[in-house]
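**Student:** My structure is below; once you've seen it, I'll send some questions.
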Amino acid sequence: QVQLVESGGGLVQAGGSLRLSCVASGIGRIFSSYDMGWFRQAPGKEREFVASIWWSGISLYYTDYADSVKGRFIISVDNAKNTVYLQMKSLKPEDTAVYYCAARRGVGAFVESHQYESWGQGTQVTVSS
């Protein structure tokens with residue numbers, strides 16, 4: 001079982017930036033065989049896909065983004081630290097939500113929350129206008 005711990009959330013003004021981190025443990029080098037995703041859930045709303053990253057099997061990672069964050073958010077991994085990052089810039093009040101890190105065995109563009117097996121506890125991001 002993979003354990004995931006997020007950090008990096010906080011309060012930021014609109015237009016600002018934050019970087020979320022997700023440390024994965026429980027299995028050795030997981031990124032080569034796992035799809036790692038970020039989701040978010042705002043009050044009263046469904047949990048929604050934000051971004052995911054998976055190993056191509058050759059020498060690079062593939063990424064996928066929700067339309068609402070394309071061009072503003074970047075997902076990346078640091079294998080040495082077993083950490084997934086979500087760099088967020090040009091933040092908007094509508095980005096306010098609890099952000100969750102998720103993992104699923106296998107690789108590919110998975111965007112549905114039920115497709116992921118392991119979840120972190122979440123970290124709050126609040127963007128003020």
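Each chain of the structure tokens is named A, B, ... in the order shown, its residues numbered from 1; ligands are numbered from 1 in display order.
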Could I get the residues of stretch 4-60 of chain A with an atom no further than 9 Å from an atom of stretch 88-111 of chain A, each paired with its nearest atom pair and that distance in Å to one decimal, using only C-alpha atoms, sorted by chain and residue number, as CSV?

**Tutor:**
```
residue,atom,partner,partner_atom,distance
A:Leu4,CA,A:Cys101,CA,6.9
A:Val5,CA,A:Cys101,CA,7.7
A:Glu6,CA,A:Cys101,CA,6.6
A:Gly9,CA,A:Tyr99,CA,8.1
A:Val12,CA,A:Leu91,CA,8.1
A:Gln13,CA,A:Leu91,CA,7.6
A:Ala14,CA,A:Lys92,CA,5.0
A:Gly15,CA,A:Ser90,CA,4.1
A:Gly16,CA,A:Ser90,CA,5.5
A:Ser17,CA,A:Lys89,CA,4.2
A:Leu18,CA,A:Met88,CA,5.2
A:Arg19,CA,A:Met88,CA,5.9
A:Leu20,CA,A:Met88,CA,7.9
A:Ser21,CA,A:Cys101,CA,8.6
A:Cys22,CA,A:Cys101,CA,6.3
A:Ala24,CA,A:Ala103,CA,8.9
A:Ile30,CA,A:Arg105,CA,8.7
A:Ser32,CA,A:Val107,CA,8.3
A:Ser33,CA,A:Gly106,CA,5.5
A:Tyr34,CA,A:Arg105,CA,4.5
A:Asp35,CA,A:Val107,CA,5.0
A:Met36,CA,A:Ala103,CA,4.6
A:Gly37,CA,A:Ala102,CA,5.0
A:Trp38,CA,A:Cys101,CA,4.7
A:Phe39,CA,A:Tyr100,CA,5.1
A:Arg40,CA,A:Tyr99,CA,4.3
A:Gln41,CA,A:Ala97,CA,5.2
A:Ala42,CA,A:Ala97,CA,4.2
A:Pro43,CA,A:Ala97,CA,7.2
A:Glu48,CA,A:Val111,CA,8.2
A:Phe49,CA,A:Val111,CA,5.6
A:Val50,CA,A:Val111,CA,8.2
A:Ala51,CA,A:Val111,CA,8.0
A:Ser52,CA,A:Ala109,CA,7.1
A:Ile53,CA,A:Ala109,CA,7.9
A:Trp54,CA,A:Val107,CA,5.6
A:Trp55,CA,A:Val107,CA,6.8
A:Ser56,CA,A:Val107,CA,8.0
```

**Student:** Give the strand (DSSP E or B) residues of chain A, as DSSP finds them on the backbone, and put them as a PyMOL selection string.

**Tutor:** chain A and resi 3-7+10-13+18-25+34-41+48-55+61-65+73-78+83-88+97-105+118-119+123-128

**Student:** Hey, can you check how far atom CA of A:Ser7 sits from atom CA of A:Tyr65?

**Tutor:**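 Computing the Euclidean distance for atom CA of A:Ser7 and atom CA of A:Tyr65 yields 20.2 Å.
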
**Student:** Just to confirm, what's the straight-line distance from atom CA of A:Ser118 to atom CA of A:Gly8 in Å (one decimal)?

**Tutor:**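 That distance, rounded to one decimal, is 19.3 Å.
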